[in-house]
file coords-v7.csv (CSV, C-alpha atoms and all ligand atoms)
chain,number,residue,atom,x,y,z
A,1,MET,CA,-0.4,34.9,94.0
A,2,GLN,CA,1.4,33.2,91.1
A,3,LYS,CA,-1.1,31.5,88.8
A,4,ARG,CA,-0.8,27.7,88.0
A,5,THR,CA,1.3,27.3,85.0
A,6,ILE,CA,1.1,24.8,82.1
A,7,LEU,CA,4.0,23.0,83.6
A,8,ASP,CA,2.0,22.6,86.9
A,9,ILE,CA,-0.9,21.2,85.0
A,10,ILE,CA,1.2,18.8,83.0
A,11,GLU,CA,2.7,17.6,86.2
A,12,GLU,CA,-0.7,17.2,87.8
A,13,LYS,CA,-2.5,15.6,84.8
A,14,GLY,CA,0.3,13.9,82.8
A,15,LYS,CA,-1.2,15.0,79.4
A,16,ILE,CA,-3.1,18.2,78.7
A,17,ASN,CA,-5.8,19.3,76.3
A,18,VAL,CA,-5.2,22.7,74.9
A,19,CYS,CA,-7.4,25.0,72.8
A,20,ALA,CA,-5.3,26.8,70.2
A,21,PRO,CA,-4.9,30.5,69.7
A,22,MET,CA,-7.4,31.5,67.0
A,23,VAL,CA,-7.7,35.1,65.7
A,24,ARG,CA,-11.3,36.3,66.2
A,25,TYR,CA,-12.4,33.1,67.8
A,26,SER,CA,-10.6,32.1,71.0
A,27,LYS,CA,-12.1,35.0,72.9
A,28,LEU,CA,-13.5,35.0,76.4
A,29,PRO,CA,-16.9,33.3,75.7
A,30,PHE,CA,-15.3,30.5,73.6
A,31,ARG,CA,-12.5,30.0,76.2
A,32,GLU,CA,-15.1,29.6,78.9
A,33,LEU,CA,-17.1,27.2,76.7
A,34,VAL,CA,-14.2,24.8,75.9
A,35,ARG,CA,-13.2,24.8,79.6
A,36,GLN,CA,-16.7,23.3,80.4
A,37,TYR,CA,-15.7,20.4,78.1
A,38,ASN,CA,-12.4,19.3,79.5
A,39,CYS,CA,-9.9,21.8,78.0
A,40,ASP,CA,-7.1,22.3,80.5
A,41,VAL,CA,-5.5,25.4,78.9
A,42,VAL,CA,-6.8,27.9,76.5
A,43,TYR,CA,-5.0,30.5,74.4
A,44,THR,CA,-6.1,34.0,73.4
A,45,PRO,CA,-6.0,34.9,69.7
A,46,MET,CA,-2.6,36.2,68.5
A,47,ILE,CA,-2.3,39.9,69.6
A,48,LEU,CA,0.2,42.3,68.1
A,49,ALA,CA,2.6,43.2,70.9
A,50,ASP,CA,3.5,46.7,69.7
A,51,VAL,CA,-0.2,47.6,69.4
A,52,PHE,CA,-1.1,46.1,72.8
A,53,LYS,CA,1.7,47.9,74.6
A,54,SER,CA,0.9,51.3,73.2
A,55,SER,CA,-2.9,51.4,73.1
A,56,GLU,CA,-5.3,51.0,76.0
A,57,PHE,CA,-8.1,50.7,73.5
A,58,ALA,CA,-6.4,47.8,71.9
A,59,ARG,CA,-5.8,46.1,75.3
A,60,GLU,CA,-9.5,46.4,76.1
A,61,THR,CA,-10.8,45.2,72.8
A,62,ASP,CA,-8.1,42.4,72.2
A,63,PHE,CA,-8.0,40.9,75.6
A,64,SER,CA,-11.0,40.8,77.9
A,65,THR,CA,-10.7,38.3,80.8
A,66,ASN,CA,-12.1,37.5,84.2
A,67,GLU,CA,-11.3,35.4,87.2
A,68,ARG,CA,-12.8,32.2,85.6
A,69,ASP,CA,-10.6,32.7,82.5
A,70,ASP,CA,-7.8,30.6,84.0
A,71,PRO,CA,-5.5,29.1,83.0
A,72,VAL,CA,-5.1,31.3,79.9
A,73,VAL,CA,-2.0,31.8,77.8
A,74,ILE,CA,-1.8,35.1,75.9
A,75,GLN,CA,-0.2,34.8,72.5
A,76,PHE,CA,1.7,37.7,71.1
A,77,ALA,CA,3.1,38.4,67.7
A,78,ALA,CA,6.3,40.4,68.0
A,79,SER,CA,9.4,41.1,66.0
A,80,ASN,CA,11.7,42.1,69.0
A,81,GLY,CA,12.2,41.5,72.7
A,82,LYS,CA,11.3,45.0,73.9
A,83,ASP,CA,7.8,45.1,72.3
A,84,LEU,CA,7.2,41.6,73.5
A,85,ALA,CA,8.4,42.2,77.1
A,86,ASP,CA,6.5,45.5,77.4
A,87,ALA,CA,3.3,43.8,76.2
A,88,ALA,CA,3.9,40.8,78.4
A,89,GLU,CA,4.4,43.0,81.5
A,90,LEU,CA,1.0,44.6,81.0
A,91,ALA,CA,-0.7,41.2,80.5
A,92,SER,CA,1.2,39.2,83.1
A,93,PRO,CA,-1.1,39.8,86.2
A,94,TYR,CA,-3.9,38.2,84.3
A,95,VAL,CA,-2.4,35.2,82.5
A,96,SER,CA,-0.5,31.9,83.2
A,97,GLY,CA,1.9,32.3,80.3
A,98,ILE,CA,3.2,34.3,77.4
A,99,ASP,CA,3.4,32.6,74.0
A,100,ILE,CA,5.3,33.8,71.0
A,101,ASN,CA,3.6,33.2,67.6
A,102,CYS,CA,6.3,31.7,65.2
A,103,GLY,CA,3.8,30.2,62.9
A,104,CYS,CA,1.4,32.7,61.2
A,105,PRO,CA,2.1,32.2,57.5
A,106,GLN,CA,0.1,35.2,56.2
A,107,LYS,CA,1.9,37.6,53.8
A,108,TRP,CA,1.2,40.6,56.0
A,109,ALA,CA,2.8,38.9,59.0
A,110,ILE,CA,5.9,37.8,57.1
A,111,HIS,CA,6.2,41.4,55.8
A,112,GLU,CA,6.0,42.7,59.5
A,113,LYS,CA,8.7,40.2,60.4
A,114,ILE,CA,6.5,38.3,62.8
A,115,GLY,CA,4.8,34.9,62.8
A,116,ALA,CA,6.3,32.3,60.5
A,117,HIS,CA,9.0,34.8,59.4
A,118,LEU,CA,10.6,34.0,62.8
A,119,MET,CA,11.1,30.3,61.8
A,120,SER,CA,14.2,31.5,59.9
A,121,GLN,CA,15.3,33.8,62.8
A,122,PRO,CA,16.2,31.5,65.7
A,123,GLU,CA,18.4,34.2,67.2
A,124,THR,CA,15.7,36.8,67.3
A,125,VAL,CA,13.3,34.3,69.0
A,126,ARG,CA,16.0,33.4,71.5
A,127,ASP,CA,16.5,37.1,72.3
A,128,MET,CA,12.8,37.6,72.7
A,129,ILE,CA,12.5,34.7,75.2
A,130,ARG,CA,15.5,35.9,77.0
A,131,THR,CA,14.2,39.5,77.3
A,132,VAL,CA,10.8,38.3,78.6
A,133,LYS,CA,12.4,36.0,81.1
A,134,GLY,CA,14.9,38.7,82.2
A,135,ARG,CA,12.0,41.0,83.1
A,136,LEU,CA,9.2,38.8,84.3
A,137,ASN,CA,8.7,35.7,86.4
A,138,ILE,CA,6.2,34.1,84.0
A,139,PRO,CA,6.4,31.1,81.7
A,140,CYS,CA,7.4,31.9,78.2
A,141,SER,CA,6.6,29.4,75.4
A,142,ILE,CA,6.7,29.4,71.6
A,143,LYS,CA,4.3,28.0,69.0
A,144,ILE,CA,6.3,26.8,66.0
A,145,ARG,CA,5.9,25.0,62.7
A,146,VAL,CA,8.4,22.4,61.5
A,147,HIS,CA,11.0,23.2,58.9
A,148,PRO,CA,11.3,21.1,55.7
A,149,ASP,CA,14.8,20.2,57.0
A,150,LEU,CA,14.3,19.0,60.6
A,151,LYS,CA,17.9,19.8,61.5
A,152,GLU,CA,16.8,23.4,61.4
A,153,THR,CA,13.9,22.7,63.7
A,154,TYR,CA,16.3,20.9,66.1
A,155,GLU,CA,18.6,24.0,66.1
A,156,PHE,CA,15.7,26.3,66.6
A,157,VAL,CA,14.4,24.3,69.6
A,158,LYS,CA,17.9,24.0,71.2
A,159,ARG,CA,18.4,27.8,71.0
A,160,ALA,CA,15.0,28.4,72.6
A,161,GLU,CA,15.8,25.9,75.3
A,162,SER,CA,19.2,27.5,76.0
A,163,VAL,CA,17.4,30.6,77.3
A,164,GLY,CA,14.8,28.7,79.3
A,165,VAL,CA,11.7,28.4,77.1
A,166,GLU,CA,9.2,26.6,79.3
A,167,TYR,CA,7.5,24.4,76.7
A,168,ILE,CA,7.0,24.4,73.0
A,169,THR,CA,3.9,23.8,70.8
A,170,VAL,CA,4.7,22.2,67.5
A,171,HIS,CA,2.3,22.6,64.6
A,172,GLY,CA,3.3,19.6,62.5
A,173,ARG,CA,3.2,21.4,59.2
A,174,THR,CA,5.8,23.6,57.4
A,175,LYS,CA,5.0,27.3,56.8
A,176,THR,CA,4.0,26.6,53.2
A,177,GLN,CA,1.8,23.6,53.9
A,178,LYS,CA,-1.9,24.0,53.9
A,179,ASN,CA,-4.1,23.0,56.8
A,180,THR,CA,-5.8,20.4,54.6
A,181,GLU,CA,-2.5,18.4,54.5
A,182,PRO,CA,-2.0,15.9,57.3
A,183,ALA,CA,0.2,17.0,60.2
A,184,ASN,CA,3.6,15.3,60.2
A,185,LEU,CA,3.6,13.2,63.3
A,186,ASP,CA,7.1,11.8,62.7
A,187,ALA,CA,8.4,15.4,62.7
A,188,ILE,CA,6.5,16.1,66.0
A,189,ARG,CA,8.0,12.9,67.5
A,190,PHE,CA,11.4,13.9,66.4
A,191,VAL,CA,11.0,17.3,68.2
A,192,LYS,CA,9.7,15.5,71.3
A,193,GLU,CA,12.6,13.1,71.3
A,194,SER,CA,15.2,15.9,70.9
A,195,ALA,CA,13.7,18.4,73.4
A,196,SER,CA,14.1,18.5,77.1
A,197,VAL,CA,11.1,20.7,77.7
A,198,PRO,CA,7.4,19.5,77.4
A,199,ILE,CA,6.0,19.4,73.9
A,200,ILE,CA,2.4,20.1,72.8
A,201,ALA,CA,1.4,18.7,69.4
A,202,ASN,CA,-0.8,20.6,67.1
A,203,GLY,CA,-2.4,19.8,63.7
A,204,GLY,CA,-5.4,17.8,62.5
A,205,VAL,CA,-7.1,16.9,65.9
A,206,PHE,CA,-10.8,16.5,65.2
A,207,SER,CA,-11.7,13.6,67.6
A,208,MET,CA,-10.5,11.7,70.6
A,209,ALA,CA,-9.2,9.0,68.1
A,210,ASP,CA,-6.9,11.7,66.7
A,211,VAL,CA,-5.8,12.6,70.2
A,212,GLU,CA,-5.0,8.9,71.0
A,213,GLU,CA,-3.1,8.5,67.7
A,214,ILE,CA,-1.0,11.5,68.4
A,215,TYR,CA,-0.1,10.3,71.9
A,216,SER,CA,0.8,6.8,70.7
A,217,LYS,CA,2.9,8.1,67.8
A,218,THR,CA,4.7,11.0,69.4
A,219,ASN,CA,4.6,10.6,73.2
A,220,VAL,CA,4.0,14.4,73.6
A,221,ASP,CA,2.8,16.1,76.8
A,222,GLY,CA,-0.3,17.6,75.4
A,223,VAL,CA,-2.4,18.1,72.3
A,224,MET,CA,-3.7,21.3,70.9
A,225,SER,CA,-6.7,21.6,68.6
A,226,ALA,CA,-8.0,24.6,66.6
A,227,ARG,CA,-10.5,23.8,63.9
A,228,GLY,CA,-11.6,20.6,65.7
A,229,LEU,CA,-12.7,22.7,68.7
A,230,LEU,CA,-14.4,25.3,66.5
A,231,ARG,CA,-16.5,22.5,65.0
A,232,ASN,CA,-17.0,20.7,68.3
A,233,PRO,CA,-16.0,22.6,71.4
A,234,ALA,CA,-16.9,19.4,73.4
A,235,LEU,CA,-14.3,17.3,71.5
A,236,PHE,CA,-12.0,16.8,74.5
A,237,ALA,CA,-14.9,15.6,76.6
A,238,GLY,CA,-15.3,12.7,74.2
A,239,TYR,CA,-18.3,14.0,72.2
A,240,GLU,CA,-18.2,13.1,68.5
A,241,ASN,CA,-20.4,16.0,67.5
A,242,THR,CA,-21.3,19.3,69.2
A,243,PRO,CA,-24.0,18.5,71.8
A,244,TRP,CA,-27.0,20.8,71.8
A,245,GLU,CA,-26.3,22.0,75.4
A,246,CYS,CA,-22.9,23.2,74.2
A,247,ILE,CA,-24.6,25.4,71.5
A,248,GLU,CA,-27.0,26.8,74.2
A,249,SER,CA,-24.1,27.4,76.5
A,250,TYR,CA,-22.2,29.3,73.8
A,251,VAL,CA,-25.3,31.5,73.0
A,252,HIS,CA,-25.7,32.2,76.7
A,253,MET,CA,-22.1,33.2,77.2
A,254,ALA,CA,-21.8,35.2,74.0
A,255,LEU,CA,-24.8,37.2,74.9
A,256,GLY,CA,-23.7,37.7,78.4
A,257,TYR,CA,-20.2,38.8,77.6
A,258,GLY,CA,-21.1,40.5,74.4
A,259,THR,CA,-19.9,39.6,70.9
A,260,ASN,CA,-20.4,40.9,67.4
A,261,HIS,CA,-22.6,39.5,64.7
A,262,PHE,CA,-19.7,38.2,62.6
A,263,ILE,CA,-18.1,36.1,65.4
A,264,PHE,CA,-21.5,34.9,66.8
A,265,HIS,CA,-22.6,33.8,63.3
A,266,HIS,CA,-19.3,32.0,62.5
A,267,HIS,CA,-19.1,30.1,65.8
A,268,LEU,CA,-22.7,28.9,65.3
A,269,MET,CA,-22.1,27.9,61.7
A,270,TYR,CA,-19.0,25.9,62.8
A,271,MET,CA,-20.8,24.2,65.7
A,272,MET,CA,-23.9,23.4,63.7
A,273,GLU,CA,-22.1,22.3,60.5
A,274,ASP,CA,-22.8,18.6,61.1
A,275,ILE,CA,-26.5,19.0,61.9
A,276,MET,CA,-27.5,21.5,59.2
A,277,SER,CA,-28.8,20.5,55.8
A,278,ASN,CA,-27.6,22.5,52.8
A,279,SER,CA,-30.8,24.4,52.7
A,280,GLU,CA,-30.7,25.2,56.4
A,281,ARG,CA,-27.2,26.4,55.9
A,282,LYS,CA,-28.2,28.7,53.1
A,283,THR,CA,-31.0,30.2,55.3
A,284,PHE,CA,-28.6,30.6,58.2
A,285,ASN,CA,-25.9,32.2,56.1
A,286,ILE,CA,-28.0,35.2,55.3
A,287,LEU,CA,-29.0,36.1,58.8
A,288,SER,CA,-27.5,39.5,59.2
A,289,SER,CA,-27.8,40.5,62.8
A,290,ILE,CA,-27.7,38.8,66.3
A,291,PRO,CA,-31.5,39.3,66.8
A,292,ALA,CA,-32.1,37.7,63.4
A,293,ILE,CA,-30.0,34.7,64.4
A,294,LEU,CA,-31.7,34.4,67.8
A,295,ASP,CA,-35.2,34.6,66.2
A,296,HIS,CA,-34.1,31.8,63.7
A,297,LEU,CA,-32.7,29.6,66.5
A,298,GLU,CA,-35.9,30.0,68.4
A,299,SER,CA,-38.3,29.4,65.5
A,300,ASP,CA,-36.4,26.6,63.6
A,301,TRP,CA,-34.3,25.0,66.3
A,302,GLY,CA,-36.4,25.4,69.4
A,303,LEU,CA,-33.9,27.4,71.4
A,304,ASP,CA,-35.4,29.1,74.4
A,305,VAL,CA,-33.7,32.5,74.1
A,306,SER,CA,-35.5,34.1,77.1
A,307,ARG,CA,-33.9,31.4,79.3
A,308,LEU,CA,-30.4,32.1,77.9
A,309,ALA,CA,-30.3,35.8,77.4
B,401,LIG,C1,-9.6,30.6,62.4
B,401,LIG,C2,-8.2,30.4,62.8
B,401,LIG,C3,-7.4,31.3,63.5
B,401,LIG,C4,-6.1,31.1,63.9
B,401,LIG,N1,-5.4,32.0,64.6
B,401,LIG,C5,-4.2,31.7,65.1
B,401,LIG,C6,-3.5,32.5,66.0
B,401,LIG,O1,-4.0,33.6,66.4
B,401,LIG,N2,-2.3,32.1,66.4
B,401,LIG,C7,-1.7,31.0,66.0
B,401,LIG,O2,-0.6,30.6,66.5
B,401,LIG,N3,-2.3,30.1,65.2
B,401,LIG,C8,-3.5,30.5,64.7
B,401,LIG,N4,-4.2,29.6,63.9
B,401,LIG,C9,-3.6,28.3,63.7
B,401,LIG,C10,-4.0,27.3,64.7
B,401,LIG,O3,-3.7,27.7,66.0
B,401,LIG,C11,-3.4,25.9,64.4
B,401,LIG,O4,-2.0,26.0,64.5
B,401,LIG,C12,-3.8,25.4,63.0
B,401,LIG,O5,-5.1,25.6,62.7
B,401,LIG,C13,-3.6,23.8,63.0
B,401,LIG,O6,-4.4,23.2,64.0
B,401,LIG,P1,-5.7,22.4,63.5
B,401,LIG,O7,-5.3,21.4,62.5
B,401,LIG,O8,-6.2,21.8,64.8
B,401,LIG,O9,-6.7,23.4,63.0
B,401,LIG,C14,-5.5,29.8,63.5
B,401,LIG,C15,-6.3,28.9,62.8
B,401,LIG,C16,-7.6,29.1,62.5
B,401,LIG,C17,-8.4,28.0,61.8
call {"tool": "encode", "arguments": {"input": "coords-v7.csv", "output": "structure tokens", "more": "lines below"}}
Ligand SMILES: Cc1cc2nc3c(=O)[nH]c(=O)nc-3n(C[C@H](O)[C@H](O)[C@H](O)COP(=O)(O)O)c2cc1C
result
Amino acid sequence: MQKRTILDIIEEKGKINVCAPMVRYSKLPFRELVRQYNCDVVYTPMILADVFKSSEFARETDFSTNERDDPVVIQFAASNGKDLADAAELASPYVSGIDINCGCPQKWAIHEKIGAHLMSQPETVRDMIRTVKGRLNIPCSIKIRVHPDLKETYEFVKRAESVGVEYITVHGRTKTQKNTEPANLDAIRFVKESASVPIIANGGVFSMADVEEIYSKTNVDGVMSARGLLRNPALFAGYENTPWECIESYVHMALGYGTNHFIFHHHLMYMMEDIMSNSERKTFNILSSIPAILDHLESDWGLDVSRLA
């Protein structure tokens, strides 16, 4: 049976809350966590299409899923349509959509001709979308940044639309802008006004007030958050800070599904950022294994690990 797509969900709800693709972090336990708090759609981390298509090991480690992991969009980084479509074909039974990363600004990505490199290659992106759509009956979307000259963004969007891109996520920063700079909501509104497909806005969403501001200034169809959800996975449910039950829920799911020390530690550091004093943070920082973190959460924060494990 065909899974519900983002377009179905937009139609049903009007506006949607989306958890961004985040390398290392938007994995199965975190995806399940944010869904408990009003996230409508969740992305996997960016996965390299050429590696995914050729290695079963990579497929197992990069993308674990289950029947509750729905709707999930798998995000690929690819430099050509064949790699992308081969990878998309293998993933398609388990996902609601295939997204192409056109925004990763890291040097290694630009060197590999993926990510933000694609922002200057509208034809390559158009061919990639066309190849996926020619082979598979599954929504194909792109996550882009804006260009310094918005005429280029306009052309980019129009080319993608001409081959049937289903929707577009616009990160309102250029590829050289830092995440500390505010997202350009005027640029996002410009894209929304020029596009005929739904637009999801991304950049600088840390609270429901930010969500409201984006909707009122851009009229987009959905809002995507990355760092805001890392800090507070309950953001879209209206919580101003991470509620303690959310932390407990994360521990429960991370232990149940399995995780590594690095990711477990980082998620907890993000979620507890607002409730930890500097000295508590220093102590937490040096915990070097999952058992050490659990002991600490039990002794200093009253977590009942036996109930959650
Ligand atoms: C830890 C981390 C990992 C990220 N990984 C990805 C990724 O895999 N794919 C992607 O398109 N963007 C990735 N991004 C960018 C975010 O999806 C998002 O576009 C950016 O952080 C701006 O949103 P924000 O202001 O809500 O954080 C990542 C960002 C962070 C902080």
call {"tool": "residues_around", "arguments": {"input": "coords-v7.csv", "residues": "range 33-41 of chain A", "least_positions_apart": "2", "cutoff": "9 Å", "atoms": "all atoms listed in the file", "output": "PyMOL selection string"}}
result
chain A and resi 6+9+16-20+28-31+43+69-73+229+233-238+246+249-250+253
call {"tool": "residues_around", "arguments": {"input": "coords-v7.csv", "residues": "Ile138 in chain A", "least_positions_apart": "5", "cutoff": "9 Å", "atoms": "only C-alpha atoms", "output": "PDB file with C-alpha atoms, in the frame of the given file"}}
result
ATOM      1  CA  GLN A   2       1.400  33.200  91.100  1.00  0.00           C
ATOM      2  CA  THR A   5       1.300  27.300  85.000  1.00  0.00           C
ATOM      3  CA  SER A  92       1.200  39.200  83.100  1.00  0.00           C
ATOM      4  CA  VAL A  95      -2.400  35.200  82.500  1.00  0.00           C
ATOM      5  CA  SER A  96      -0.500  31.900  83.200  1.00  0.00           C
ATOM      6  CA  GLY A  97       1.900  32.300  80.300  1.00  0.00           C
ATOM      7  CA  ILE A  98       3.200  34.300  77.400  1.00  0.00           C
ATOM      8  CA  VAL A 132      10.800  38.300  78.600  1.00  0.00           C
ATOM      9  CA  LYS A 133      12.400  36.000  81.100  1.00  0.00           C
TER      10      LYS A 133
END
call {"tool": "closest_residue", "arguments": {"input": "coords-v7.csv", "among": "A:Met269, A:Val157, A:Ala88, A:Ala77", "to": "ligand LIG 401 (chain B)", "atoms": "all atoms listed in the file"}}
result
A:Ala77
call {"tool": "closest_residue", "arguments": {"input": "coords-v7.csv", "among": "A:Lys13, A:His111, A:His117, A:His171", "to": "Ala226 in chain A", "atoms": "all atoms listed in the file"}}
result
A:His171
call {"tool": "atom_distance", "arguments": {"input": "coords-v7.csv", "atom1": "CA of Glu112 in chain A", "atom2": "CA of Thr153 in chain A"}}
result
21.9 Å
call {"tool": "closest_residue", "arguments": {"input": "coords-v7.csv", "among": "A:Gly115, A:Pro93, A:Gly222, A:Gly164", "to": "ligand LIG 401 (chain B)", "atoms": "all atoms listed in the file"}}
result
A:Gly115
call {"tool": "residues_near_ligand", "arguments": {"input": "coords-v7.csv", "ligand": "ligand LIG 401 (chain B)", "cutoff": "6 Å", "atoms": "all atoms listed in the file", "output": "list in words"}}
result
Ala20, Pro21, Met22, Val23, Pro45, Met46, Asn101, Gly103, Cys104, His171, Asn202, Gly203, Gly204, Val205, Ser225, Ala226, Arg227 and Gly228 of chain A
call {"tool": "residues_around", "arguments": {"input": "coords-v7.csv", "residues": "Asn184 in chain A", "least_positions_apart": "4", "cutoff": "7 Å", "atoms": "only C-alpha atoms", "output": "PyMOL selection string"}}
result
chain A and resi 172-173+188
call {"tool": "atom_distance", "arguments": {"input": "coords-v7.csv", "atom1": "CA of Phe284 in chain A", "atom2": "CA of His266 in chain A"}}
result
10.3 Å
call {"tool": "residues_near_point", "arguments": {"input": "coords-v7.csv", "point": "(-28.4, 36.3, 58.5)", "cutoff": "12 Å", "atoms": "only C-alpha atoms", "output": "list in words"}}
result
His261, Phe262, Phe264, His265, His266, Leu268, Met269, Glu280, Arg281, Lys282, Thr283, Phe284, Asn285, Ile286, Leu287, Ser288, Ser289, Ile290, Pro291, Ala292, Ile293, Leu294, Asp295, His296 and Leu297 of chain A
call {"tool": "write_last_selection", "arguments": {"input": "coords-v7.csv", "atoms": "C-alpha atoms", "output": "CSV table (one decimal), in the frame of the given file"}}
result
chain,number,residue,atom,x,y,z
A,261,HIS,CA,-22.6,39.5,64.7
A,262,PHE,CA,-19.7,38.2,62.6
A,264,PHE,CA,-21.5,34.9,66.8
A,265,HIS,CA,-22.6,33.8,63.3
A,266,HIS,CA,-19.3,32.0,62.5
A,268,LEU,CA,-22.7,28.9,65.3
A,269,MET,CA,-22.1,27.9,61.7
A,280,GLU,CA,-30.7,25.2,56.4
A,281,ARG,CA,-27.2,26.4,55.9
A,282,LYS,CA,-28.2,28.7,53.1
A,283,THR,CA,-31.0,30.2,55.3
A,284,PHE,CA,-28.6,30.6,58.2
A,285,ASN,CA,-25.9,32.2,56.1
A,286,ILE,CA,-28.0,35.2,55.3
A,287,LEU,CA,-29.0,36.1,58.8
A,288,SER,CA,-27.5,39.5,59.2
A,289,SER,CA,-27.8,40.5,62.8
A,290,ILE,CA,-27.7,38.8,66.3
A,291,PRO,CA,-31.5,39.3,66.8
A,292,ALA,CA,-32.1,37.7,63.4
A,293,ILE,CA,-30.0,34.7,64.4
A,294,LEU,CA,-31.7,34.4,67.8
A,295,ASP,CA,-35.2,34.6,66.2
A,296,HIS,CA,-34.1,31.8,63.7
A,297,LEU,CA,-32.7,29.6,66.5
call {"tool": "atom_distance", "arguments": {"input": "coords-v7.csv", "atom1": "CA of Lys175 in chain A", "atom2": "CA of Ile10 in chain A"}}
result
27.8 Å
call {"tool": "residues_around", "arguments": {"input": "coords-v7.csv", "residues": "Met128 in chain A", "least_positions_apart": "3", "cutoff": "8 Å", "atoms": "all atoms listed in the file", "output": "list in words"}}
result
Asn80, Gly81, Lys82, Leu84, Ala85, Thr124, Val125, Thr131 and Val132 of chain A
call {"tool": "residues_around", "arguments": {"input": "coords-v7.csv", "residues": "Trp244 in chain A", "least_positions_apart": "3", "cutoff": "10 Å", "atoms": "all atoms listed in the file", "output": "CSV table (one decimal) with C-alpha atoms, in the frame of the given file"}}
result
chain,number,residue,atom,x,y,z
A,241,ASN,CA,-20.4,16.0,67.5
A,247,ILE,CA,-24.6,25.4,71.5
A,248,GLU,CA,-27.0,26.8,74.2
A,249,SER,CA,-24.1,27.4,76.5
A,250,TYR,CA,-22.2,29.3,73.8
A,271,MET,CA,-20.8,24.2,65.7
A,272,MET,CA,-23.9,23.4,63.7
A,303,LEU,CA,-33.9,27.4,71.4
call {"tool": "residues_near_point", "arguments": {"input": "coords-v7.csv", "point": "(19.4, 31.3, 66.5)", "cutoff": "8 Å", "atoms": "only C-alpha atoms", "output": "list in words"}}
result
Gln121, Pro122, Glu123, Thr124, Val125, Arg126, Glu155, Phe156 and Arg159 of chain A
call {"tool": "closest_residue", "arguments": {"input": "coords-v7.csv", "among": "A:Ala58, A:Leu118, A:Ala209, A:Ile168", "to": "His147 in chain A", "atoms": "only C-alpha atoms"}}
result
A:Leu118
call {"tool": "closest_residue", "arguments": {"input": "coords-v7.csv", "among": "A:Leu230, A:Met224, A:Val51, A:Leu308", "to": "Gly256 in chain A", "atoms": "only C-alpha atoms"}}
result
A:Leu308
call {"tool": "decode", "arguments": {"input": "coords-v7.csv", "residues": "range 73-84 of chain A", "atoms": "N, CA and C atoms", "output": "PDB file, in the first residue's frame"}}
result
ATOM      1  N   VAL A  73      10.902  10.777   5.581  1.00  0.00           N
ATOM      2  CA  VAL A  73      11.475  11.116   4.272  1.00  0.00           C
ATOM      3  C   VAL A  73      12.958  10.787   4.343  1.00  0.00           C
ATOM      4  N   ILE A  74      13.449  10.053   3.369  1.00  0.00           N
ATOM      5  CA  ILE A  74      14.882   9.740   3.361  1.00  0.00           C
ATOM      6  C   ILE A  74      15.589  10.801   2.528  1.00  0.00           C
ATOM      7  N   GLN A  75      16.645  11.351   3.103  1.00  0.00           N
ATOM      8  CA  GLN A  75      17.378  12.377   2.352  1.00  0.00           C
ATOM      9  C   GLN A  75      18.686  11.794   1.812  1.00  0.00           C
ATOM     10  N   PHE A  76      18.862  11.955   0.508  1.00  0.00           N
ATOM     11  CA  PHE A  76      20.095  11.485  -0.114  1.00  0.00           C
ATOM     12  C   PHE A  76      20.944  12.655  -0.565  1.00  0.00           C
ATOM     13  N   ALA A  77      22.252  12.423  -0.522  1.00  0.00           N
ATOM     14  CA  ALA A  77      23.199  13.314  -1.192  1.00  0.00           C
ATOM     15  C   ALA A  77      23.663  12.546  -2.410  1.00  0.00           C
ATOM     16  N   ALA A  78      23.532  13.149  -3.580  1.00  0.00           N
ATOM     17  CA  ALA A  78      23.921  12.466  -4.810  1.00  0.00           C
ATOM     18  C   ALA A  78      24.428  13.506  -5.794  1.00  0.00           C
ATOM     19  N   SER A  79      25.223  13.013  -6.746  1.00  0.00           N
ATOM     20  CA  SER A  79      25.723  13.944  -7.767  1.00  0.00           C
ATOM     21  C   SER A  79      25.147  13.616  -9.135  1.00  0.00           C
ATOM     22  N   ASN A  80      24.370  12.517  -9.210  1.00  0.00           N
ATOM     23  CA  ASN A  80      23.791  12.151 -10.512  1.00  0.00           C
ATOM     24  C   ASN A  80      22.526  11.334 -10.299  1.00  0.00           C
ATOM     25  N   GLY A  81      21.703  11.311 -11.352  1.00  0.00           N
ATOM     26  CA  GLY A  81      20.391  10.672 -11.259  1.00  0.00           C
ATOM     27  C   GLY A  81      20.462   9.171 -11.055  1.00  0.00           C
ATOM     28  N   LYS A  82      21.459   8.517 -11.621  1.00  0.00           N
ATOM     29  CA  LYS A  82      21.492   7.059 -11.528  1.00  0.00           C
ATOM     30  C   LYS A  82      21.740   6.609 -10.081  1.00  0.00           C
ATOM     31  N   ASP A  83      22.759   7.203  -9.456  1.00  0.00           N
ATOM     32  CA  ASP A  83      23.030   6.851  -8.051  1.00  0.00           C
ATOM     33  C   ASP A  83      21.791   7.127  -7.206  1.00  0.00           C
ATOM     34  N   LEU A  84      21.191   8.287  -7.447  1.00  0.00           N
ATOM     35  CA  LEU A  84      20.046   8.674  -6.635  1.00  0.00           C
ATOM     36  C   LEU A  84      18.884   7.694  -6.828  1.00  0.00           C
TER      37      LEU A  84
END
